file query04.cif (mmCIF, C-alpha atoms)
data_model
loop_
_atom_site.label_atom_id
_atom_site.label_comp_id
_atom_site.auth_asym_id
_atom_site.auth_seq_id
_atom_site.Cartn_x
_atom_site.Cartn_y
_atom_site.Cartn_z
CA MET A 95 166.08 93.44 128.81
CA ALA A 96 165.79 96.48 131.03
CA GLU A 97 166.67 96.52 134.71
CA ILE A 98 164.00 97.48 137.25
CA ILE A 99 165.00 99.22 140.50
CA CYS A 100 162.42 99.91 143.20
CA VAL A 101 162.84 102.44 146.00
CA ILE A 102 160.44 101.41 148.74
CA GLY A 103 160.01 101.34 152.50
CA ASN A 104 157.25 101.51 155.07
CA LYS A 105 158.14 104.96 156.45
CA GLY A 106 157.58 108.37 154.93
CA GLY A 107 160.14 111.15 154.92
CA THR A 108 163.15 108.97 154.21
CA GLY A 109 163.91 110.57 150.85
CA LYS A 110 162.55 107.95 148.42
CA THR A 111 161.56 110.46 145.77
CA THR A 112 164.76 112.48 146.11
CA LEU A 113 166.84 109.32 145.92
CA SER A 114 164.94 108.08 142.86
CA HIS A 115 165.57 111.30 140.95
CA MET A 116 169.19 111.59 142.09
CA LEU A 117 169.77 108.01 140.97
CA CYS A 118 168.23 108.64 137.55
CA GLN A 119 170.15 111.90 137.10
CA GLY A 120 173.36 110.10 138.04
CA LEU A 121 172.60 107.28 135.62
CA GLY A 122 172.16 109.83 132.86
CA LEU A 123 175.45 111.50 133.74
CA LEU A 124 177.07 108.06 133.43
CA ASN A 125 175.56 107.63 129.95
CA GLN A 126 172.83 105.22 131.00
CA ARG A 127 169.25 105.53 129.79
CA SER A 128 166.68 105.53 132.58
CA VAL A 129 163.15 106.50 133.47
CA CYS A 130 161.89 107.60 136.89
CA VAL A 131 158.45 106.13 137.55
CA LEU A 132 155.99 107.95 139.80
CA THR A 133 153.57 105.77 141.80
CA ASP A 134 152.65 108.09 144.69
CA ILE A 135 149.13 109.43 144.13
CA GLY A 136 149.93 112.38 146.39
CA ARG A 137 152.51 113.77 143.95
CA GLU A 138 152.28 115.39 140.53
CA PRO A 139 154.28 114.23 137.50
CA LEU A 140 157.42 116.24 136.76
CA ASP A 141 158.44 117.71 133.42
CA PRO A 142 161.21 115.59 131.83
CA GLU A 143 162.65 118.55 129.89
CA GLY A 144 166.27 119.28 130.82
CA ARG A 145 166.70 116.09 132.84
CA ARG A 146 169.15 113.31 132.06
CA TYR A 147 166.29 110.80 132.22
CA LEU A 148 162.65 110.34 131.30
CA THR A 149 159.71 110.44 133.71
CA ALA A 150 156.62 108.25 133.71
CA ASP A 151 153.26 108.53 135.48
CA ALA A 152 152.18 105.20 136.99
CA ARG A 153 149.91 106.29 139.81
CA SER A 154 147.34 103.58 139.15
CA ARG A 155 147.92 99.82 139.20
CA ASP A 156 146.96 99.54 135.50
CA ALA A 157 149.29 102.38 134.53
CA LEU A 158 152.12 100.79 136.53
CA ALA A 159 151.68 97.48 134.73
CA LYS A 160 151.78 99.21 131.34
CA VAL A 161 154.83 101.29 132.23
CA VAL A 162 156.75 98.29 133.59
CA ASP A 163 155.90 96.22 130.50
CA LYS A 164 157.09 99.05 128.26
CA ILE A 165 160.35 99.50 130.18
CA ARG A 166 161.05 95.77 130.11
CA GLY A 167 160.82 95.88 126.35
CA LEU A 168 163.54 98.52 126.09
CA ASN A 169 167.06 97.22 125.59
CA LYS A 170 169.64 98.42 128.14
CA TRP A 171 167.29 100.83 129.90
CA ILE A 172 166.87 101.15 133.67
CA GLY A 173 163.52 101.81 135.29
CA VAL A 174 163.60 103.39 138.75
CA ILE A 175 160.26 103.09 140.52
CA ASP A 176 159.57 105.57 143.32
CA GLY A 177 157.40 103.47 145.59
CA GLY A 178 155.99 106.12 147.89
CA ALA A 179 155.43 105.26 151.56
CA ASN A 180 153.09 103.52 153.99
CA ARG A 181 151.81 101.12 151.34
CA SER A 182 152.84 97.66 152.43
CA GLU A 183 150.88 95.88 149.73
CA MET A 184 152.41 98.07 147.01
CA ASP A 185 155.88 97.51 148.46
CA ARG A 186 155.40 93.75 148.23
CA HIS A 187 154.17 94.10 144.66
CA LEU A 188 157.15 96.25 143.63
CA TYR A 189 159.55 93.93 145.43
CA GLY A 190 158.34 91.11 143.19
CA LEU A 191 158.94 93.20 140.05
CA ALA A 192 162.41 94.48 140.80
CA HIS A 193 165.92 93.28 140.04
CA LEU A 194 167.22 95.60 142.78
CA VAL A 195 165.33 96.97 145.79
CA LEU A 196 166.56 99.97 147.79
CA LEU A 197 165.36 100.94 151.28
CA PRO A 198 166.36 104.53 152.15
CA PHE A 199 166.52 105.56 155.80
CA ARG A 200 167.63 108.58 157.82
CA ASP A 201 169.63 108.85 161.04
CA SER A 202 166.75 108.55 163.49
CA HIS A 203 165.80 105.69 165.80
CA GLU A 204 162.37 105.50 164.16
CA ASP A 205 163.92 105.16 160.71
CA ILE A 206 166.34 102.54 162.00
CA ARG A 207 163.54 100.48 163.54
CA THR A 208 161.48 100.67 160.35
CA VAL A 209 164.30 99.79 157.97
CA GLN A 210 165.25 96.88 160.24
CA GLN A 211 161.73 95.50 159.81
CA ASP A 212 161.85 96.11 156.05
CA LEU A 213 165.20 94.32 155.74
CA GLU A 214 163.61 91.31 157.40
CA THR A 215 160.50 91.51 155.22
CA PHE A 216 162.46 91.95 151.98
CA PRO A 217 165.54 89.70 152.17
CA ARG A 218 166.88 90.75 148.75
CA ALA A 219 166.68 94.47 149.53
CA LEU A 220 169.60 96.77 150.30
CA ALA A 221 169.37 99.70 152.71
CA ILE A 222 170.84 103.08 151.85
CA PRO A 223 171.39 105.93 154.36
CA THR A 224 169.96 109.15 152.91
CA GLN A 225 170.16 112.83 153.81
CA TRP A 226 173.13 111.79 155.93
CA PRO A 227 174.72 114.53 158.07
CA THR A 228 177.84 116.23 156.75
CA ASN A 229 178.94 117.70 160.07
CA PRO A 230 181.80 115.41 161.23
CA TRP A 231 180.48 114.88 164.76
CA ALA A 232 176.89 114.36 163.62
CA ARG A 233 178.07 111.94 160.96
CA GLU A 234 180.16 110.01 163.49
CA ALA A 235 177.10 109.68 165.73
CA ALA A 236 174.95 108.58 162.78
CA ASP A 237 177.52 106.00 161.70
CA LYS A 238 177.70 104.64 165.26
CA LEU A 239 173.90 104.34 165.27
CA ILE A 240 174.13 102.11 162.20
CA GLU A 241 176.80 99.94 163.79
CA SER A 242 174.92 99.54 167.04
CA GLN A 243 171.44 98.99 165.63
CA LEU A 244 172.03 97.53 162.15
CA GLY A 245 175.39 95.81 162.54
CA GLN A 246 174.00 92.41 161.56
CA TYR A 247 172.87 93.88 158.22
CA ARG A 248 176.14 95.68 157.45
CA THR A 249 176.73 93.78 154.21
CA ARG A 250 173.33 94.99 153.00
CA ILE A 251 173.89 98.69 153.68
CA LEU A 252 175.24 100.93 150.92
CA GLU A 253 177.37 104.04 151.34
CA PRO A 254 175.42 107.07 152.60
CA VAL A 255 173.94 109.78 150.42
CA PHE A 256 174.87 113.01 152.16
CA ALA A 257 172.37 115.78 152.76
CA ILE A 258 172.51 118.26 149.90
CA SER A 259 169.91 121.03 149.73
CA SER A 260 170.24 121.52 145.97
CA SER A 261 168.69 118.05 145.45
CA LYS A 262 165.35 119.85 145.81
CA GLN A 263 165.93 121.26 142.35
CA LEU A 264 165.39 117.80 140.87
CA LEU A 265 161.91 117.74 142.41
CA GLN A 266 160.80 121.00 140.80
CA LYS A 267 158.14 120.70 138.12
CA ARG A 268 160.76 121.91 135.67
CA ILE A 269 164.41 121.86 136.65
CA PRO A 270 166.75 124.86 136.19
CA ASP A 271 168.85 125.14 133.03
CA SER A 272 171.97 124.24 135.00
CA LEU A 273 172.50 122.30 138.20
CA PRO A 274 175.35 122.84 140.69
CA SER A 275 178.46 120.67 140.41
CA PRO A 276 178.15 119.20 143.93
CA LEU A 277 174.69 117.89 143.04
CA ALA A 278 175.97 116.32 139.83
CA ASN A 279 178.80 114.70 141.78
CA ALA A 280 176.38 113.46 144.43
CA CYS A 281 174.15 111.92 141.75
CA ARG A 282 177.11 110.13 140.17
CA ARG A 283 178.12 108.79 143.59
CA VAL A 284 174.61 107.36 144.00
CA ALA A 285 174.45 105.80 140.56
CA ALA A 286 177.90 104.20 140.27
CA PRO A 287 177.51 101.60 143.07
CA VAL A 288 174.07 100.69 141.76
CA LEU A 289 175.52 100.01 138.32
CA ASP A 290 178.25 97.92 139.94
CA ILE A 291 175.63 95.85 141.76
CA LEU A 292 173.75 95.32 138.49
CA ARG A 293 177.06 94.49 136.76
CA ILE A 294 176.60 97.20 134.18
CA ASP A 295 179.79 98.68 132.77
CA HIS A 296 180.23 102.42 133.21
CA GLU A 297 182.88 105.08 133.26
CA GLU A 298 185.03 105.20 136.37
CA VAL A 299 183.69 107.41 139.16
CA ASP A 300 186.29 108.66 141.62
CA ILE A 301 184.57 111.47 143.51
CA ASP A 302 185.46 112.20 147.11
CA ALA A 303 182.56 112.58 149.50
CA GLU A 304 183.40 116.24 150.02
CA ASP A 305 183.12 116.91 146.28
CA ALA A 306 179.47 115.91 146.64
CA MET A 307 178.86 118.33 149.52
CA GLU A 308 177.77 121.93 149.10
CA HIS A 309 179.77 123.21 152.07
CA PRO A 310 182.81 120.98 152.69
CA LEU A 311 185.01 121.71 155.67
CA PRO A 312 188.08 123.87 155.04
CA ALA A 313 191.30 121.85 154.91
CA GLN A 314 192.51 123.27 158.23
CA SER A 315 189.26 122.36 159.97
CA ARG A 316 189.29 118.89 158.47
CA SER A 317 192.76 118.16 159.74
CA GLY A 318 191.77 119.34 163.21
CA VAL A 319 188.67 117.18 163.17
CA GLU A 320 190.61 114.13 162.00
CA ALA A 321 193.20 114.65 164.71
CA THR A 322 190.50 114.98 167.36
CA MET A 323 188.61 111.92 166.15
CA GLY A 324 191.85 109.97 165.90
CA SER A 325 192.78 110.79 169.46
CA THR A 326 189.37 109.76 170.76
CA THR A 327 189.49 106.37 169.07
CA THR A 328 192.83 105.40 170.55
CA HIS A 329 191.60 105.38 174.16
#
call {"tool": "encode", "arguments": {"input": "query04.cif", "output": "structure tokens"}}
result
Amino acid sequence: MAEIICVIGNKGGTGKTTLSHMLCQGLGLLNQRSVCVLTDIGREPLDPEGRRYLTADARSRDALAKVVDKIRGLNKWIGVIDGGANRSEMDRHLYGLAHLVLLPFRDSHEDIRTVQQDLETFPRALAIPTQWPTNPWAREAADKLIESQLGQYRTRILEPVFAISSSKQLLQKRIPDSLPSPLANACRRVAAPVLDILRIDHEEVDIDAEDAMEHPLPAQSRSGVEATMGSTTTH
């Protein structure tokens, strides 16, 4: 039987579509077969050529039912359904279909409030910080926001997906012939924990966060930042 993953949430602009395609690309890089399923009627289907995964158009309820039935009949495949936004009824429907439900959110108070509500509404769902800041001070502030506002859900929050501008290439109608290494690393970092949750064996992924960033800090700057942050946490 195939596994069904749904990426949903009641707020737009949290990166559902980007996350869905990064996840599928990462699954492909880890030798897993997957299909990214479009349900948002405001988007156009993307060309599967050159991708590490298939794409499917399920923008109507009938089409979605057919696509899900077809995926379920595929042995050892993974279907990733991009749920769109602001469609509470559709979210509930997808929640009922899925083996794993992901709720992406960004580092804003509005996103935090919305994902908090969604975590209550969908008790099996896991939240995932997306487009997370890479600047050390901005990231520290974003991490503190999670602790202060979502601390009670900490066991249901996955590691953040850092902001990476090249992820836009996955949303092009047809992707470039080659994708940058940081994007590939970022996609693997998204996919590996998901496979672990689903208890699907895969090759070991040991990629530092900075390897998945397009502009990591120089070593000298990093050491200075770590020293500064270390000194502030001891008081």
call {"tool": "closest_residue", "arguments": {"input": "query04.cif", "among": "A:Arg200, A:Arg283, A:Lys110, A:Arg181", "to": "Ile240 of chain A", "atoms": "only C-alpha atoms"}}
result
A:Arg200
call {"tool": "closest_atom_pairs", "arguments": {"input": "query04.cif", "of": "segment 121-238 of chain A", "to": "segment 300-310 of chain A", "cutoff": "12 Å", "atoms": "all atoms listed in the file", "output": "CSV"}}
result
residue,atom,partner,partner_atom,distance
A:Gln225,CA,A:Met307,CA,11.2
A:Trp226,CA,A:Met307,CA,10.8
A:Pro227,CA,A:Met307,CA,10.2
A:Thr228,CA,A:Met307,CA,7.6
A:Asn229,CA,A:Pro310,CA,9.0
A:Pro230,CA,A:Pro310,CA,10.2
call {"tool": "write_last_selection", "arguments": {"input": "query04.cif", "atoms": "C-alpha atoms", "output": "mmCIF file, keeping the file's coordinate frame"}}
result
data_model
loop_
_atom_site.group_PDB
_atom_site.id
_atom_site.type_symbol
_atom_site.label_atom_id
_atom_site.label_comp_id
_atom_site.auth_asym_id
_atom_site.auth_seq_id
_atom_site.Cartn_x
_atom_site.Cartn_y
_atom_site.Cartn_z
ATOM 1 C CA GLN A 225 170.160 112.830 153.810
ATOM 2 C CA TRP A 226 173.130 111.790 155.930
ATOM 3 C CA PRO A 227 174.720 114.530 158.070
ATOM 4 C CA THR A 228 177.840 116.230 156.750
ATOM 5 C CA ASN A 229 178.940 117.700 160.070
ATOM 6 C CA PRO A 230 181.800 115.410 161.230
#
call {"tool": "residues_near_point", "arguments": {"input": "query04.cif", "point": "(170.6, 108.9, 156.4)", "cutoff": "12 Å", "atoms": "only C-alpha atoms", "output": "PyMOL selection string"}}
result
chain A and resi 107-110+113+197-206+209+221-228+232-237+239-240+251-258
call {"tool": "write_last_selection", "arguments": {"input": "query04.cif", "atoms": "C-alpha atoms", "output": "short mmCIF file (atom, residue, chain, number, x, y, z; two decimals), keeping the file's coordinate frame"}}
result
data_model
loop_
_atom_site.label_atom_id
_atom_site.label_comp_id
_atom_site.auth_asym_id
_atom_site.auth_seq_id
_atom_site.Cartn_x
_atom_site.Cartn_y
_atom_site.Cartn_z
CA GLY A 107 160.14 111.15 154.92
CA THR A 108 163.15 108.97 154.21
CA GLY A 109 163.91 110.57 150.85
CA LYS A 110 162.55 107.95 148.42
CA LEU A 113 166.84 109.32 145.92
CA LEU A 197 165.36 100.94 151.28
CA PRO A 198 166.36 104.53 152.15
CA PHE A 199 166.52 105.56 155.80
CA ARG A 200 167.63 108.58 157.82
CA ASP A 201 169.63 108.85 161.04
CA SER A 202 166.75 108.55 163.49
CA HIS A 203 165.80 105.69 165.80
CA GLU A 204 162.37 105.50 164.16
CA ASP A 205 163.92 105.16 160.71
CA ILE A 206 166.34 102.54 162.00
CA VAL A 209 164.30 99.79 157.97
CA ALA A 221 169.37 99.70 152.71
CA ILE A 222 170.84 103.08 151.85
CA PRO A 223 171.39 105.93 154.36
CA THR A 224 169.96 109.15 152.91
CA GLN A 225 170.16 112.83 153.81
CA TRP A 226 173.13 111.79 155.93
CA PRO A 227 174.72 114.53 158.07
CA THR A 228 177.84 116.23 156.75
CA ALA A 232 176.89 114.36 163.62
CA ARG A 233 178.07 111.94 160.96
CA GLU A 234 180.16 110.01 163.49
CA ALA A 235 177.10 109.68 165.73
CA ALA A 236 174.95 108.58 162.78
CA ASP A 237 177.52 106.00 161.70
CA LEU A 239 173.90 104.34 165.27
CA ILE A 240 174.13 102.11 162.20
CA ILE A 251 173.89 98.69 153.68
CA LEU A 252 175.24 100.93 150.92
CA GLU A 253 177.37 104.04 151.34
CA PRO A 254 175.42 107.07 152.60
CA VAL A 255 173.94 109.78 150.42
CA PHE A 256 174.87 113.01 152.16
CA ALA A 257 172.37 115.78 152.76
CA ILE A 258 172.51 118.26 149.90
#
call {"tool": "resolve_selection", "arguments": {"input": "query04.cif", "expression": "the PyMOL selection byres ((chain A and resi 264) around 10)", "output": "number ranges by chain"}}
result
A: 111-116, 119, 140, 145, 260-263, 265-270, 273, 277
call {"tool": "closest_residue", "arguments": {"input": "query04.cif", "among": "A:Gln126, A:Asp176, A:Cys118, A:Ser182", "to": "Pro139 of chain A", "atoms": "only C-alpha atoms"}}
result
A:Asp176
call {"tool": "atom_distance", "arguments": {"input": "query04.cif", "atom1": "atom CA of Phe216 of chain A", "atom2": "atom CA of Tyr189 of chain A"}}
result
7.4 Å
call {"tool": "atom_distance", "arguments": {"input": "query04.cif", "atom1": "atom CA of Gly245 of chain A", "atom2": "atom CA of Ala219 of chain A"}}
result
15.7 Å
call {"tool": "atom_distance", "arguments": {"input": "query04.cif", "atom1": "atom CA of Ala286 of chain A", "atom2": "atom CA of Glu298 of chain A"}}
result
8.2 Å
call {"tool": "resolve_selection", "arguments": {"input": "query04.cif", "expression": "the PyMOL selection byres ((chain A and resi 125) around 12)", "output": "ChimeraX atom specification"}}
result
/A:118-124,126-128,146-147,170-172,282,285-286,289,294-298
call {"tool": "axis_aligned_box", "arguments": {"input": "query04.cif", "around": "segment 294-301 of chain A", "padding_each_side": "6 Å", "output": "lines of an AutoDock Vina configuration file"}}
result
center_x = 181.4
center_y = 104.3
center_z = 138.1
size_x = 21.7
size_y = 26.3
size_z = 22.7
call {"tool": "closest_residue", "arguments": {"input": "query04.cif", "among": "A:Glu143, A:Ile102, A:Val284, A:Gly167", "to": "Asp271 of chain A", "atoms": "all atoms listed in the file"}}
result
A:Glu143
call {"tool": "resolve_selection", "arguments": {"input": "query04.cif", "expression": "the PyMOL selection byres ((chain A and resi 174) around 6)", "output": "number ranges by chain"}}
result
A: 99-100, 130-131, 173, 175
call {"tool": "write_last_selection", "arguments": {"input": "query04.cif", "atoms": "C-alpha atoms", "output": "tab-separated table (two decimals), in the coordinates of the input"}}
result
chain	number	residue	atom	x	y	z
A	99	ILE	CA	165.00	99.22	140.50
A	100	CYS	CA	162.42	99.91	143.20
A	130	CYS	CA	161.89	107.60	136.89
A	131	VAL	CA	158.45	106.13	137.55
A	173	GLY	CA	163.52	101.81	135.29
A	175	ILE	CA	160.26	103.09	140.52
call {"tool": "build_atoms", "arguments": {"input": "query04.cif", "residues": "segment 256-267 of chain A", "atoms": "all heavy atoms", "output": "mmCIF file, in the coordinates of the input"}}
result
data_model
loop_
_atom_site.group_PDB
_atom_site.id
_atom_site.type_symbol
_atom_site.label_atom_id
_atom_site.label_comp_id
_atom_site.auth_asym_id
_atom_site.auth_seq_id
_atom_site.Cartn_x
_atom_site.Cartn_y
_atom_site.Cartn_z
ATOM 1 N N PHE A 256 174.810 111.893 151.231
ATOM 2 C CA PHE A 256 174.870 113.010 152.160
ATOM 3 C C PHE A 256 173.809 114.047 151.858
ATOM 4 O O PHE A 256 173.388 114.222 150.708
ATOM 5 C CB PHE A 256 176.265 113.645 152.124
ATOM 6 C CG PHE A 256 177.342 112.747 152.639
ATOM 7 C CD1 PHE A 256 178.199 112.096 151.762
ATOM 8 C CD2 PHE A 256 177.481 112.514 153.994
ATOM 9 C CE1 PHE A 256 179.178 111.245 152.227
ATOM 10 C CE2 PHE A 256 178.462 111.663 154.478
ATOM 11 C CZ PHE A 256 179.309 111.021 153.587
ATOM 12 N N ALA A 257 173.371 114.728 152.905
ATOM 13 C CA ALA A 257 172.370 115.780 152.760
ATOM 14 C C ALA A 257 172.904 116.863 151.829
ATOM 15 O O ALA A 257 174.031 117.339 151.996
ATOM 16 C CB ALA A 257 172.033 116.373 154.123
ATOM 17 N N ILE A 258 172.117 117.227 150.843
ATOM 18 C CA ILE A 258 172.510 118.260 149.900
ATOM 19 C C ILE A 258 171.248 119.022 149.499
ATOM 20 O O ILE A 258 170.340 118.458 148.882
ATOM 21 C CB ILE A 258 173.248 117.658 148.686
ATOM 22 C CG1 ILE A 258 173.704 118.736 147.712
ATOM 23 C CG2 ILE A 258 172.439 116.588 147.993
ATOM 24 C CD1 ILE A 258 174.705 118.242 146.681
ATOM 25 N N SER A 259 171.164 120.281 149.893
ATOM 26 C CA SER A 259 169.910 121.030 149.730
ATOM 27 C C SER A 259 169.542 121.242 148.268
ATOM 28 O O SER A 259 168.357 121.328 147.927
ATOM 29 C CB SER A 259 170.019 122.384 150.441
ATOM 30 O OG SER A 259 171.053 123.168 149.884
ATOM 31 N N SER A 260 170.537 121.280 147.380
ATOM 32 C CA SER A 260 170.240 121.520 145.970
ATOM 33 C C SER A 260 169.519 120.334 145.321
ATOM 34 O O SER A 260 169.023 120.447 144.199
ATOM 35 C CB SER A 260 171.521 121.834 145.192
ATOM 36 O OG SER A 260 172.474 120.807 145.329
ATOM 37 N N SER A 261 169.436 119.191 146.013
ATOM 38 C CA SER A 261 168.690 118.050 145.450
ATOM 39 C C SER A 261 167.225 118.404 145.258
ATOM 40 O O SER A 261 166.540 117.782 144.440
ATOM 41 C CB SER A 261 168.830 116.827 146.357
ATOM 42 O OG SER A 261 168.247 117.064 147.630
ATOM 43 N N LYS A 262 166.742 119.427 145.979
ATOM 44 C CA LYS A 262 165.350 119.850 145.810
ATOM 45 C C LYS A 262 165.073 120.331 144.391
ATOM 46 O O LYS A 262 163.937 120.300 143.930
ATOM 47 C CB LYS A 262 165.011 120.967 146.806
ATOM 48 C CG LYS A 262 165.054 120.544 148.266
ATOM 49 C CD LYS A 262 164.452 121.602 149.171
ATOM 50 C CE LYS A 262 165.287 122.862 149.221
ATOM 51 N NZ LYS A 262 166.545 122.705 149.984
ATOM 52 N N GLN A 263 166.123 120.775 143.712
ATOM 53 C CA GLN A 263 165.930 121.260 142.350
ATOM 54 C C GLN A 263 165.457 120.162 141.407
ATOM 55 O O GLN A 263 164.759 120.418 140.428
ATOM 56 C CB GLN A 263 167.226 121.893 141.826
ATOM 57 C CG GLN A 263 167.651 123.133 142.603
ATOM 58 C CD GLN A 263 168.906 123.768 142.053
ATOM 59 O OE1 GLN A 263 169.141 123.779 140.848
ATOM 60 N NE2 GLN A 263 169.736 124.298 142.937
ATOM 61 N N LEU A 264 165.833 118.916 141.708
ATOM 62 C CA LEU A 264 165.390 117.800 140.870
ATOM 63 C C LEU A 264 163.908 117.508 141.045
ATOM 64 O O LEU A 264 163.309 116.828 140.204
ATOM 65 C CB LEU A 264 166.205 116.545 141.204
ATOM 66 C CG LEU A 264 167.680 116.563 140.827
ATOM 67 C CD1 LEU A 264 168.364 115.303 141.342
ATOM 68 C CD2 LEU A 264 167.866 116.692 139.321
ATOM 69 N N LEU A 265 163.327 118.002 142.141
ATOM 70 C CA LEU A 265 161.910 117.740 142.410
ATOM 71 C C LEU A 265 161.020 118.895 141.972
ATOM 72 O O LEU A 265 159.809 118.872 142.190
ATOM 73 C CB LEU A 265 161.698 117.464 143.904
ATOM 74 C CG LEU A 265 162.521 116.317 144.490
ATOM 75 C CD1 LEU A 265 162.083 116.023 145.919
ATOM 76 C CD2 LEU A 265 162.412 115.062 143.631
ATOM 77 N N GLN A 266 161.611 119.922 141.349
ATOM 78 C CA GLN A 266 160.800 121.000 140.800
ATOM 79 C C GLN A 266 160.051 120.487 139.569
ATOM 80 O O GLN A 266 160.494 119.557 138.883
ATOM 81 C CB GLN A 266 161.693 122.178 140.412
ATOM 82 C CG GLN A 266 162.359 122.855 141.591
ATOM 83 C CD GLN A 266 163.260 123.999 141.191
ATOM 84 O OE1 GLN A 266 164.067 124.458 141.992
ATOM 85 N NE2 GLN A 266 163.137 124.464 139.961
ATOM 86 N N LYS A 267 158.917 121.099 139.299
ATOM 87 C CA LYS A 267 158.140 120.700 138.120
ATOM 88 C C LYS A 267 159.012 120.723 136.875
ATOM 89 O O LYS A 267 159.004 119.813 136.061
ATOM 90 C CB LYS A 267 156.954 121.658 137.952
ATOM 91 C CG LYS A 267 156.054 121.352 136.758
ATOM 92 C CD LYS A 267 155.154 120.162 137.009
ATOM 93 C CE LYS A 267 154.148 119.995 135.881
ATOM 94 N NZ LYS A 267 153.280 118.820 136.072
#
